[in-house]
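Chemist: For reference, the file run_27.cif (mmCIF, C-alpha atoms) is included below:
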data_query
#
loop_
_atom_site.label_atom_id
_atom_site.label_comp_id
_atom_site.auth_asym_id
_atom_site.auth_seq_id
_atom_site.Cartn_x
_atom_site.Cartn_y
_atom_site.Cartn_z
CA MET A 1 38.06 -5.46 -24.44
CA LYS A 2 37.36 -5.86 -20.72
CA VAL A 3 34.25 -7.67 -19.54
CA PRO A 4 33.70 -7.63 -15.77
CA PHE A 5 31.89 -10.53 -14.16
CA LEU A 6 29.47 -8.03 -12.61
CA ASP A 7 29.29 -4.24 -12.45
CA LEU A 8 26.55 -2.98 -10.12
CA LYS A 9 27.56 0.64 -10.65
CA LEU A 10 25.97 0.71 -14.11
CA GLN A 11 22.53 -0.29 -12.85
CA HIS A 12 22.58 2.06 -9.90
CA GLN A 13 23.85 5.00 -11.93
CA ALA A 14 20.88 4.59 -14.29
CA ILE A 15 18.35 4.89 -11.44
CA ARG A 16 20.36 7.26 -9.26
CA THR A 17 18.12 10.32 -9.52
CA GLU A 18 14.90 8.37 -8.92
CA ALA A 19 16.41 6.33 -6.09
CA LEU A 20 17.90 9.28 -4.24
CA ALA A 21 14.58 11.15 -4.44
CA ALA A 22 12.75 8.14 -2.98
CA LEU A 23 15.34 7.74 -0.23
CA ALA A 24 15.11 11.42 0.61
CA ASP A 25 11.34 11.11 1.00
CA THR A 26 11.77 8.08 3.28
CA TYR A 27 14.41 9.96 5.27
CA ASP A 28 12.40 13.17 5.61
CA ASN A 29 9.34 11.26 6.80
CA THR A 30 11.37 8.92 9.09
CA ARG A 31 9.84 5.73 7.67
CA PHE A 32 12.80 3.63 8.73
CA CYS A 33 11.43 0.25 9.93
CA LEU A 34 8.67 -1.31 7.82
CA GLY A 35 6.15 1.48 7.14
CA ARG A 36 4.64 2.72 3.89
CA ASP A 37 7.67 2.11 1.66
CA VAL A 38 7.86 -1.55 2.62
CA GLU A 39 4.08 -1.98 2.40
CA GLU A 40 4.03 -0.54 -1.13
CA PHE A 41 6.83 -2.85 -2.18
CA GLU A 42 5.04 -5.85 -0.66
CA LYS A 43 1.81 -5.03 -2.51
CA THR A 44 3.55 -4.52 -5.85
CA PHE A 45 5.59 -7.70 -5.48
CA SER A 46 2.45 -9.69 -4.64
CA THR A 47 0.56 -8.31 -7.63
CA MET A 48 3.44 -8.84 -10.05
CA PHE A 49 4.00 -12.49 -9.16
CA GLY A 50 0.54 -13.59 -8.07
CA HIS A 51 1.18 -14.06 -4.37
CA PRO A 52 -1.72 -13.44 -1.95
CA ARG A 53 0.62 -11.53 0.40
CA THR A 54 4.32 -10.74 0.72
CA LEU A 55 6.34 -10.07 3.85
CA GLY A 56 9.47 -7.96 3.36
CA MET A 57 12.37 -9.07 5.56
CA ASN A 58 15.87 -7.95 6.45
CA SER A 59 17.78 -10.59 4.43
CA GLY A 60 17.34 -13.71 2.34
CA THR A 61 18.41 -15.90 5.25
CA SER A 62 15.68 -14.73 7.64
CA PRO A 63 12.75 -16.02 5.56
CA LEU A 64 14.46 -19.42 5.31
CA HIS A 65 14.62 -19.49 9.11
CA ILE A 66 10.95 -18.51 9.29
CA ALA A 67 10.10 -21.19 6.72
CA SER A 68 11.58 -23.93 8.88
CA LEU A 69 9.58 -22.74 11.87
CA CYS A 70 6.37 -22.55 9.84
CA GLY A 71 7.04 -26.04 8.50
CA GLY A 72 7.27 -27.36 12.04
CA PHE A 73 10.81 -28.64 11.55
CA GLY A 74 12.70 -29.44 14.74
CA PRO A 75 15.02 -31.85 16.56
CA GLY A 76 14.69 -35.41 15.27
CA ASP A 77 13.28 -34.29 11.92
CA GLU A 78 14.96 -34.73 8.56
CA VAL A 79 14.64 -32.15 5.79
CA ILE A 80 15.76 -33.09 2.28
CA THR A 81 17.68 -30.49 0.28
CA THR A 82 20.41 -29.92 -2.26
CA PRO A 83 24.12 -29.59 -1.47
CA PHE A 84 24.74 -27.48 -4.60
CA THR A 85 23.68 -24.13 -3.21
CA PHE A 86 24.70 -21.23 -0.99
CA ALA A 87 24.86 -22.01 2.72
CA SER A 88 21.75 -20.02 3.63
CA SER A 89 19.57 -22.66 1.98
CA CYS A 90 20.65 -25.08 4.73
CA TRP A 91 20.84 -22.70 7.68
CA GLY A 92 17.11 -22.55 8.34
CA ILE A 93 17.05 -26.34 8.76
CA SER A 94 19.96 -26.26 11.17
CA TYR A 95 18.74 -23.22 13.10
CA VAL A 96 15.69 -25.15 14.32
CA GLY A 97 17.65 -28.29 15.19
CA ALA A 98 16.53 -30.45 12.26
CA LYS A 99 18.91 -32.53 10.17
CA PRO A 100 19.62 -31.57 6.55
CA VAL A 101 19.59 -34.63 4.30
CA PHE A 102 21.56 -33.81 1.17
CA VAL A 103 20.62 -35.53 -2.08
CA ASP A 104 21.91 -35.30 -5.63
CA ILE A 105 20.98 -32.86 -8.34
CA ASP A 106 19.59 -33.06 -11.85
CA PRO A 107 22.57 -33.31 -14.25
CA ASP A 108 20.99 -30.85 -16.67
CA THR A 109 19.41 -28.08 -14.58
CA TRP A 110 21.55 -28.63 -11.43
CA CYS A 111 18.44 -28.24 -9.27
CA VAL A 112 17.62 -30.93 -6.72
CA SER A 113 16.58 -34.22 -8.35
CA PRO A 114 13.02 -35.45 -7.68
CA GLU A 115 14.23 -39.02 -8.12
CA ALA A 116 16.88 -38.49 -5.43
CA ILE A 117 14.29 -36.90 -3.13
CA ALA A 118 11.96 -39.88 -3.48
CA LYS A 119 14.73 -42.31 -2.51
CA ALA A 120 15.71 -40.27 0.57
CA VAL A 121 12.29 -40.10 2.26
CA THR A 122 12.15 -41.84 5.64
CA PRO A 123 9.64 -41.85 8.52
CA ARG A 124 11.64 -38.93 9.98
CA THR A 125 11.35 -36.75 6.88
CA LYS A 126 9.37 -33.59 7.62
CA GLY A 127 10.03 -31.39 4.61
CA ILE A 128 11.94 -30.47 1.46
CA VAL A 129 13.88 -27.28 0.74
CA VAL A 130 14.03 -26.80 -3.03
CA VAL A 131 16.54 -24.33 -4.49
CA HIS A 132 15.86 -22.83 -7.92
CA ILE A 133 19.57 -22.59 -8.63
CA PHE A 134 21.01 -19.92 -10.94
CA GLY A 135 17.45 -18.83 -11.83
CA GLN A 136 16.48 -22.26 -13.18
CA PRO A 137 13.14 -23.62 -11.95
CA ALA A 138 13.25 -27.04 -10.34
CA ARG A 139 10.86 -29.80 -11.41
CA MET A 140 8.18 -28.69 -8.99
CA ASP A 141 5.30 -30.82 -10.27
CA GLU A 142 7.21 -34.01 -9.50
CA ILE A 143 8.52 -32.68 -6.20
CA MET A 144 5.05 -31.64 -5.06
CA ALA A 145 3.68 -35.09 -5.96
CA ILE A 146 6.28 -36.65 -3.65
CA ALA A 147 5.45 -34.13 -0.94
CA ARG A 148 1.73 -34.83 -1.14
CA GLN A 149 2.34 -38.58 -0.97
CA HIS A 150 4.37 -38.26 2.23
CA LYS A 151 2.71 -35.14 3.72
CA LEU A 152 5.89 -33.05 3.55
CA PHE A 153 6.19 -29.27 3.88
CA VAL A 154 7.90 -27.76 0.82
CA VAL A 155 10.03 -24.61 0.99
CA GLU A 156 11.04 -22.95 -2.27
CA ASP A 157 14.30 -21.04 -2.02
CA CYS A 158 13.89 -18.48 -4.81
CA ALA A 159 16.89 -16.34 -3.85
CA GLN A 160 18.24 -16.51 -7.41
CA ALA A 161 14.97 -16.98 -9.27
CA VAL A 162 12.64 -14.01 -8.85
CA GLY A 163 10.31 -14.12 -11.86
CA ALA A 164 11.14 -17.68 -12.94
CA THR A 165 8.19 -19.94 -13.75
CA CYS A 166 7.40 -23.65 -13.66
CA ASN A 167 4.62 -24.73 -16.01
CA GLY A 168 3.42 -21.13 -16.07
CA ALA A 169 3.34 -20.68 -12.28
CA PRO A 170 5.76 -18.22 -10.64
CA VAL A 171 8.24 -19.91 -8.34
CA GLY A 172 7.63 -19.31 -4.66
CA GLY A 173 3.89 -19.89 -4.91
CA ILE A 174 3.99 -23.58 -5.81
CA GLY A 175 5.30 -25.08 -2.57
CA ASP A 176 3.99 -24.36 0.90
CA CYS A 177 6.08 -21.20 1.13
CA GLY A 178 8.66 -19.32 -0.88
CA THR A 179 11.66 -17.25 0.18
CA PHE A 180 13.52 -14.55 -1.73
CA SER A 181 16.82 -12.71 -1.34
CA PHE A 182 17.41 -9.13 -2.44
CA TYR A 183 21.14 -9.13 -1.76
CA PRO A 184 22.67 -6.49 -4.07
CA THR A 185 23.99 -9.02 -6.61
CA LYS A 186 20.60 -10.66 -7.16
CA ASN A 187 18.41 -10.01 -10.22
CA LEU A 188 16.30 -7.79 -7.94
CA GLY A 189 18.88 -6.38 -5.57
CA ALA A 190 18.48 -3.96 -2.70
CA CYS A 191 21.01 -1.29 -1.71
CA GLY A 192 22.02 -3.52 1.17
CA GLU A 193 20.38 -6.63 2.58
CA GLY A 194 16.76 -7.62 2.02
CA GLY A 195 14.45 -10.57 1.53
CA ALA A 196 10.84 -11.69 1.35
CA PHE A 197 8.54 -14.50 2.44
CA VAL A 198 5.40 -15.67 0.64
CA SER A 199 2.92 -18.49 1.12
CA ARG A 200 -0.40 -19.59 -0.36
CA HIS A 201 -1.53 -20.65 3.13
CA PRO A 202 -3.08 -17.80 5.20
CA THR A 203 -2.18 -19.49 8.49
CA VAL A 204 1.47 -19.78 7.45
CA MET A 205 1.55 -16.10 6.46
CA ASP A 206 -0.03 -15.07 9.74
CA ARG A 207 2.59 -16.96 11.74
CA ALA A 208 5.43 -15.64 9.60
CA GLN A 209 4.20 -12.09 10.12
CA LEU A 210 4.09 -12.67 13.87
CA LEU A 211 7.60 -14.15 13.97
CA ARG A 212 9.00 -11.31 11.81
CA VAL A 213 8.34 -8.76 14.57
CA HIS A 214 9.25 -10.28 17.93
CA GLY A 215 6.29 -12.68 18.05
CA SER A 216 4.15 -9.62 18.66
CA PRO A 217 0.60 -9.20 17.31
CA LYS A 218 0.50 -5.75 18.90
CA ARG A 219 2.92 -3.54 20.77
CA TYR A 220 4.29 -5.02 24.01
CA LEU A 221 2.31 -8.26 23.61
CA HIS A 222 4.42 -11.31 22.68
CA THR A 223 2.54 -14.53 22.06
CA GLU A 224 5.68 -16.51 21.18
CA VAL A 225 9.43 -16.00 20.97
CA GLY A 226 10.01 -14.08 17.77
CA PHE A 227 12.70 -12.26 15.84
CA ASN A 228 13.59 -8.86 14.48
CA PHE A 229 13.44 -9.68 10.76
CA ARG A 230 11.86 -6.41 9.57
CA MET A 231 12.77 -4.86 6.23
CA ASP A 232 13.87 -1.25 6.55
CA GLY A 233 12.17 1.55 4.71
CA PHE A 234 15.14 2.50 2.55
CA GLN A 235 15.27 -0.99 1.04
CA GLY A 236 11.53 -0.99 0.41
CA ALA A 237 11.81 2.34 -1.41
CA VAL A 238 14.68 1.20 -3.65
CA LEU A 239 13.12 -2.18 -4.39
CA SER A 240 9.87 -0.55 -5.51
CA ILE A 241 11.82 1.45 -8.08
CA LYS A 242 13.72 -1.61 -9.24
CA LEU A 243 10.56 -3.72 -9.55
CA LYS A 244 9.45 -1.45 -12.39
CA LYS A 245 12.68 -2.28 -14.26
CA LEU A 246 12.79 -6.01 -13.50
CA ALA A 247 10.89 -7.28 -16.58
CA GLY A 248 13.25 -5.43 -18.90
CA TRP A 249 16.31 -6.60 -17.01
CA THR A 250 15.06 -10.19 -17.15
CA ALA A 251 14.43 -9.95 -20.89
CA ARG A 252 17.99 -8.74 -21.38
CA ARG A 253 19.39 -11.60 -19.29
CA ARG A 254 17.43 -14.06 -21.43
CA ALA A 255 18.76 -12.46 -24.60
CA ILE A 256 22.35 -12.72 -23.37
CA ALA A 257 21.81 -16.35 -22.37
CA ALA A 258 20.41 -17.10 -25.83
CA LYS A 259 23.48 -15.55 -27.47
CA TYR A 260 25.78 -17.61 -25.26
CA ARG A 261 23.89 -20.82 -25.97
CA ALA A 262 23.93 -20.20 -29.73
CA GLY A 263 27.51 -18.97 -29.93
CA ILE A 264 29.57 -21.10 -27.55
CA LYS A 265 30.95 -24.09 -29.48
CA LEU A 266 33.87 -25.15 -27.27
CA ALA A 267 34.49 -28.89 -27.38
CA GLY A 268 33.71 -30.67 -24.13
CA VAL A 269 31.56 -27.89 -22.69
CA GLN A 270 28.17 -28.54 -21.08
CA LEU A 271 25.89 -25.55 -21.43
CA PRO A 272 23.01 -24.93 -19.00
CA ALA A 273 19.74 -26.55 -20.00
CA VAL A 274 16.60 -24.72 -21.05
CA PRO A 275 13.89 -26.77 -19.35
CA ALA A 276 10.75 -27.41 -21.40
CA TYR A 277 8.59 -27.09 -18.27
CA GLY A 278 9.63 -23.60 -17.21
CA GLU A 279 11.45 -20.32 -17.80
CA SER A 280 14.75 -19.37 -16.22
CA VAL A 281 15.66 -15.82 -15.23
CA TRP A 282 19.39 -16.53 -15.69
CA HIS A 283 20.79 -15.22 -12.43
CA GLN A 284 23.97 -16.97 -13.53
CA PHE A 285 25.08 -18.41 -16.85
CA THR A 286 27.10 -21.38 -15.69
CA LEU A 287 28.74 -24.01 -17.85
CA LEU A 288 30.74 -27.14 -17.10
CA HIS A 289 34.14 -28.03 -18.55
CA PRO A 290 36.60 -30.74 -17.51
CA GLN A 291 39.47 -28.21 -17.65
CA ARG A 292 37.57 -25.56 -15.73
CA ASP A 293 40.57 -24.01 -13.96
CA ALA A 294 42.61 -23.74 -17.15
CA LEU A 295 39.61 -22.25 -18.95
CA ARG A 296 39.24 -19.68 -16.21
CA THR A 297 42.92 -18.72 -16.51
CA HIS A 298 42.49 -18.35 -20.27
CA LEU A 299 39.44 -16.12 -19.84
CA GLU A 300 41.28 -13.98 -17.32
CA LYS A 301 44.00 -13.42 -19.93
CA CYS A 302 41.24 -12.37 -22.35
CA SER A 303 40.01 -9.82 -19.75
CA VAL A 304 36.80 -11.75 -19.14
CA GLY A 305 35.68 -11.93 -15.52
CA THR A 306 34.36 -15.23 -14.19
CA ASP A 307 33.38 -16.81 -10.89
CA ILE A 308 33.14 -20.33 -9.45
CA ILE A 309 29.67 -20.81 -7.96
CA TYR A 310 29.89 -23.10 -5.97
CA PRO A 311 33.38 -24.61 -5.50
CA GLY A 312 32.45 -26.81 -2.53
CA PRO A 313 29.07 -28.54 -2.08
CA MET A 314 27.45 -28.16 1.32
CA HIS A 315 27.66 -31.84 2.32
CA ARG A 316 31.48 -31.54 2.19
CA GLN A 317 31.69 -28.31 4.20
CA PRO A 318 33.38 -28.52 7.64
CA CYS A 319 30.21 -27.34 9.39
CA TYR A 320 28.42 -30.51 8.27
CA ALA A 321 31.29 -32.96 8.75
CA SER A 322 29.34 -34.63 11.56
CA LEU A 323 26.75 -35.84 9.04
CA GLY A 324 29.34 -38.26 7.68
CA TYR A 325 29.12 -37.73 3.93
CA LYS A 326 32.16 -39.22 2.15
CA PRO A 327 33.78 -38.05 -1.09
CA GLY A 328 31.78 -39.44 -3.99
CA SER A 329 28.61 -39.90 -1.94
CA ILE A 330 26.69 -37.30 -3.98
CA PRO A 331 28.45 -37.65 -7.34
CA VAL A 332 26.60 -35.27 -9.68
CA ALA A 333 26.75 -32.35 -7.24
CA GLU A 334 30.44 -33.01 -6.58
CA ALA A 335 31.29 -33.20 -10.28
CA THR A 336 29.29 -30.05 -10.98
CA SER A 337 31.16 -28.16 -8.26
CA ALA A 338 34.48 -29.37 -9.67
CA HIS A 339 33.74 -28.35 -13.26
CA CYS A 340 31.46 -25.28 -13.07
CA ILE A 341 32.38 -21.78 -14.18
CA SER A 342 30.03 -18.79 -14.43
CA LEU A 343 30.28 -16.19 -17.20
CA PRO A 344 29.24 -12.53 -17.05
CA ILE A 345 25.47 -12.08 -17.37
CA PHE A 346 23.95 -8.83 -16.19
CA PRO A 347 21.53 -6.56 -18.07
CA GLU A 348 23.99 -3.76 -18.75
CA LEU A 349 26.38 -5.94 -20.78
CA ALA A 350 26.78 -4.66 -24.34
CA ASP A 351 26.41 -7.04 -27.28
CA GLU A 352 30.05 -6.44 -28.15
CA GLN A 353 31.06 -7.61 -24.68
CA VAL A 354 28.89 -10.72 -24.99
CA ASP A 355 30.50 -11.47 -28.36
CA HIS A 356 33.95 -11.07 -26.80
CA VAL A 357 33.07 -13.58 -24.08
CA ILE A 358 31.87 -16.08 -26.70
CA THR A 359 35.02 -15.66 -28.80
CA SER A 360 37.22 -15.98 -25.73
CA VAL A 361 35.54 -19.23 -24.65
CA ASN A 362 35.70 -20.70 -28.15
CA THR A 363 39.43 -19.95 -28.51
CA PHE A 364 40.37 -21.91 -25.38
#
Could you express the structure from this file as structure tokens?
Modeler:
Amino acid sequence: MKVPFLDLKLQHQAIRTEALAALADTYDNTRFCLGRDVEEFEKTFSTMFGHPRTLGMNSGTSPLHIASLCGGFGPGDEVITTPFTFASSCWGISYVGAKPVFVDIDPDTWCVSPEAIAKAVTPRTKGIVVVHIFGQPARMDEIMAIARQHKLFVVEDCAQAVGATCNGAPVGGIGDCGTFSFYPTKNLGACGEGGAFVSRHPTVMDRAQLLRVHGSPKRYLHTEVGFNFRMDGFQGAVLSIKLKKLAGWTARRRAIAAKYRAGIKLAGVQLPAVPAYGESVWHQFTLLHPQRDALRTHLEKCSVGTDIIYPGPMHRQPCYASLGYKPGSIPVAEATSAHCISLPIFPELADEQVDHVITSVNTF
């Protein structure tokens, strides 16, 4: 039996008729940049997750850039974040000339550690970028307590965590702003690039909206240097259709994760935690094993697709060599990168395929 790591064709085939009809309507009415399709998506997204407003954007990286600007980050500032993440989480900090300060992660959830954050705060610290990695919510109550104590601006990177909750609150609305990615492989994926920005602060939302469209409150008036970060109409149309399916897809991901957690018995394996304070949306099902590479080879022979997310933590990437982090300086993140392997988890997986993955892992 073959089990691919991910097969996007299955999801898109299921909504093909509805999606093509929506795209045809957008096309025929030339609603290409922002417009009604994006506005309808923004309203539905806000209602579904309890955000006062949502701004659709052209990627998941753009709202992170906007977040750094809204947080007032700049040259001479330090912003604490996790090295166990995709590069975009760090780019917004660097784009505005601030310094990313990488700290270690929680050994169970692999999200940034509040204890490590607290130790890293200096007079130069301006903010924190929290990443809800693999769909797991970070320990936001503790992080926000640190932020309040030191007057820090908190960005939640929810690229992998749309619909996750922390103590009942949807991620993205707990910090000062939240950012989302709708890259096609995400739990809520566009047919191309897409992203969103949310904030509970009206002034932050107003500035983000201004920056999204060339710093322009009205046509041909530019009150500050802005960007072209608009979501296009086609993506808004598709995302509105997918939003209606998201709860069911999330429930299926949770069911698959539960089967994996109950069925995988391999000696030496560390399974992902289920935090008591929140609910994951299981963007990835990642486990740790000291013989990760050999396990991956074994699974390949069993026709089970896998991926390594992420093989190299950000503090050891060449682009940040100037920051001077040495091997072993952030030990939990480095060990996690060295031992992690992600198994197939997408809503269209059949139970028989999930069982085959479990059997294949257990026979290593």
Chemist: If you count only C-alpha atoms, which residues fall within 8 Å of A:His65, apart from same-chain ones fewer than 2 positions away, as a CSV table (one decimal) with C-alpha atoms, in the frame of the given file?
Modeler:
chain,number,residue,atom,x,y,z
A,61,THR,CA,18.4,-15.9,5.2
A,62,SER,CA,15.7,-14.7,7.6
A,63,PRO,CA,12.8,-16.0,5.6
A,67,ALA,CA,10.1,-21.2,6.7
A,68,SER,CA,11.6,-23.9,8.9
A,69,LEU,CA,9.6,-22.7,11.9
A,91,TRP,CA,20.8,-22.7,7.7
A,92,GLY,CA,17.1,-22.6,8.3
A,93,ILE,CA,17.0,-26.3,8.8
A,95,TYR,CA,18.7,-23.2,13.1
A,96,VAL,CA,15.7,-25.2,14.3
Chemist: Give me, please, the distance in Å between atom CA of A:Ile264 and atom CA of A:Lys186, quoted to one decimal.
Modeler: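 Those two atoms sit 24.6 Å apart.
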Chemist: Which stretch 239-303 of chain A residues have any atom within 9 Å of an atom of stretch 149-168 of chain A, and for each, what is the nearest pair of atoms with distance in Å to one decimal, counting all atoms listed in the file, rows sorted by chain and number, as JSON lines?
Modeler:
{"residue": "A:Leu246", "atom": "CA", "partner": "A:Gly163", "partner_atom": "CA", "distance": 8.6}
{"residue": "A:Ala247", "atom": "CA", "partner": "A:Gly163", "partner_atom": "CA", "distance": 8.3}
{"residue": "A:Thr250", "atom": "CA", "partner": "A:Gly163", "partner_atom": "CA", "distance": 8.1}
{"residue": "A:Ala276", "atom": "CA", "partner": "A:Asn167", "partner_atom": "CA", "distance": 8.6}
{"residue": "A:Tyr277", "atom": "CA", "partner": "A:Asn167", "partner_atom": "CA", "distance": 5.1}
{"residue": "A:Gly278", "atom": "CA", "partner": "A:Cys166", "partner_atom": "CA", "distance": 4.2}
{"residue": "A:Glu279", "atom": "CA", "partner": "A:Thr165", "partner_atom": "CA", "distance": 5.2}
{"residue": "A:Ser280", "atom": "CA", "partner": "A:Ala164", "partner_atom": "CA", "distance": 5.2}
{"residue": "A:Val281", "atom": "CA", "partner": "A:Ala164", "partner_atom": "CA", "distance": 5.4}
{"residue": "A:Trp282", "atom": "CA", "partner": "A:Ala161", "partner_atom": "CA", "distance": 7.8}
{"residue": "A:His283", "atom": "CA", "partner": "A:Gln160", "partner_atom": "CA", "distance": 5.8}
{"residue": "A:Gln284", "atom": "CA", "partner": "A:Gln160", "partner_atom": "CA", "distance": 8.4}
Chemist: Tell me which protein, DNA and RNA residues are within 9 Å of A:Pro331, counting only C-alpha atoms, leaving out same-chain ones fewer than 5 positions away, and put them as a ChimeraX atom specification.
Modeler: /A:104-105,336
Chemist: Using all atoms listed in the file, pick whichever of A:Thr306, A:Ala258, A:Gly76, A:Ala335 has the shortest atom-to-atom distance to A:Asp351.
Modeler: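 With all atoms listed in the file as the atom set, the closest residue is A:Ala258.
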Chemist: Grab the atom CA of A:Phe102 to atom CA of A:Phe197 distance for me, in Å with one decimal place.
Modeler: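 Result for atom CA of A:Phe102 versus atom CA of A:Phe197: 23.3 Å, one decimal.
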Chemist: Expressed in Å to a single decimal, how great is the separation between atom CA of A:Pro100 and atom CA of A:Val79?
Modeler: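 Atom-to-atom, atom CA of A:Pro100 and atom CA of A:Val79 are spaced 5.1 Å apart.
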Chemist: I need the output of the PyMOL selection byres ((chain A and resi 236) around 10) for this file as a compact mmCIF listing (two decimals) with C-alpha atoms, in the frame of the given file; which residues are they?
Modeler:
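Below you can see result-v5.txt, which holds the result:
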# COMPACT_ATOMS: atom_id res chain seq x y z
CA ALA A 22 12.75 8.14 -2.98
CA LEU A 23 15.34 7.74 -0.23
CA THR A 26 11.77 8.08 3.28
CA PHE A 32 12.80 3.63 8.73
CA CYS A 33 11.43 0.25 9.93
CA LEU A 34 8.67 -1.31 7.82
CA GLY A 35 6.15 1.48 7.14
CA ARG A 36 4.64 2.72 3.89
CA ASP A 37 7.67 2.11 1.66
CA VAL A 38 7.86 -1.55 2.62
CA GLU A 39 4.08 -1.98 2.40
CA GLU A 40 4.03 -0.54 -1.13
CA PHE A 41 6.83 -2.85 -2.18
CA GLU A 42 5.04 -5.85 -0.66
CA GLY A 56 9.47 -7.96 3.36
CA MET A 57 12.37 -9.07 5.56
CA ALA A 190 18.48 -3.96 -2.70
CA CYS A 191 21.01 -1.29 -1.71
CA GLY A 194 16.76 -7.62 2.02
CA MET A 231 12.77 -4.86 6.23
CA ASP A 232 13.87 -1.25 6.55
CA GLY A 233 12.17 1.55 4.71
CA PHE A 234 15.14 2.50 2.55
CA GLN A 235 15.27 -0.99 1.04
CA ALA A 237 11.81 2.34 -1.41
CA VAL A 238 14.68 1.20 -3.65
CA LEU A 239 13.12 -2.18 -4.39
CA SER A 240 9.87 -0.55 -5.51
CA ILE A 241 11.82 1.45 -8.08
CA LYS A 242 13.72 -1.61 -9.24
Chemist: I'd like the residues picked by the PyMOL selection byres ((chain A and resi 124) around 8) written out as a PyMOL selection string, using the chain letters and numbers from the file.
Modeler: chain A and resi 76-78+121-123+125-126
Chemist: Limited to C-alpha atoms, could you put the picked residues into a file as a PDB file, keeping the file's coordinate frame?
Modeler:
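Output below, filename part_21.pdb:
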ATOM      1  CA  GLY A  76      14.690 -35.410  15.270  1.00  0.00           C
ATOM      2  CA  ASP A  77      13.280 -34.290  11.920  1.00  0.00           C
ATOM      3  CA  GLU A  78      14.960 -34.730   8.560  1.00  0.00           C
ATOM      4  CA  VAL A 121      12.290 -40.100   2.260  1.00  0.00           C
ATOM      5  CA  THR A 122      12.150 -41.840   5.640  1.00  0.00           C
ATOM      6  CA  PRO A 123       9.640 -41.850   8.520  1.00  0.00           C
ATOM      7  CA  THR A 125      11.350 -36.750   6.880  1.00  0.00           C
ATOM      8  CA  LYS A 126       9.370 -33.590   7.620  1.00  0.00           C
TER       9      LYS A 126
END
Chemist: Using all atoms listed in the file, which residue out of A:Ile309, A:Met314, A:Leu8, A:Ala147 lies closest to A:Phe285?
Modeler: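 Among A:Ile309, A:Met314, A:Leu8, A:Ala147, it is A:Ile309 that comes nearest to A:Phe285.
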Chemist: Please expand the PyMOL selection byres ((chain A and resi 212-218) around 8) into the concrete residues it hits in this file, giving the result as number ranges by chain.
Modeler: A: 57, 66, 208-211, 219-230
Chemist: I'd like the neighbourhood of A:Tyr320 as a compact mmCIF listing (two decimals) with C-alpha atoms, in the frame of the given file, where a residue qualifies if any of its atoms comes within 12 Å (using all atoms listed in the file), though same-chain residues fewer than 3 positions away should be ignored.
Modeler:
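Everything below was put into selection.txt:
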# COMPACT_ATOMS: atom_id res chain seq x y z
CA PRO A 83 24.12 -29.59 -1.47
CA ALA A 87 24.86 -22.01 2.72
CA CYS A 90 20.65 -25.08 4.73
CA TRP A 91 20.84 -22.70 7.68
CA SER A 94 19.96 -26.26 11.17
CA LYS A 99 18.91 -32.53 10.17
CA PRO A 100 19.62 -31.57 6.55
CA VAL A 101 19.59 -34.63 4.30
CA PHE A 102 21.56 -33.81 1.17
CA PRO A 313 29.07 -28.54 -2.08
CA MET A 314 27.45 -28.16 1.32
CA HIS A 315 27.66 -31.84 2.32
CA ARG A 316 31.48 -31.54 2.19
CA GLN A 317 31.69 -28.31 4.20
CA LEU A 323 26.75 -35.84 9.04
CA GLY A 324 29.34 -38.26 7.68
CA TYR A 325 29.12 -37.73 3.93
CA LYS A 326 32.16 -39.22 2.15
Chemist: Under the rule that only C-alpha atoms are counted, which of A:Val274, A:His356, A:Ala262, A:Val269 is the nearest residue to A:Ala138?
Modeler: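 Going through A:Val274, A:His356, A:Ala262, A:Val269 one by one, the smallest distance to A:Ala138 is for A:Val274.
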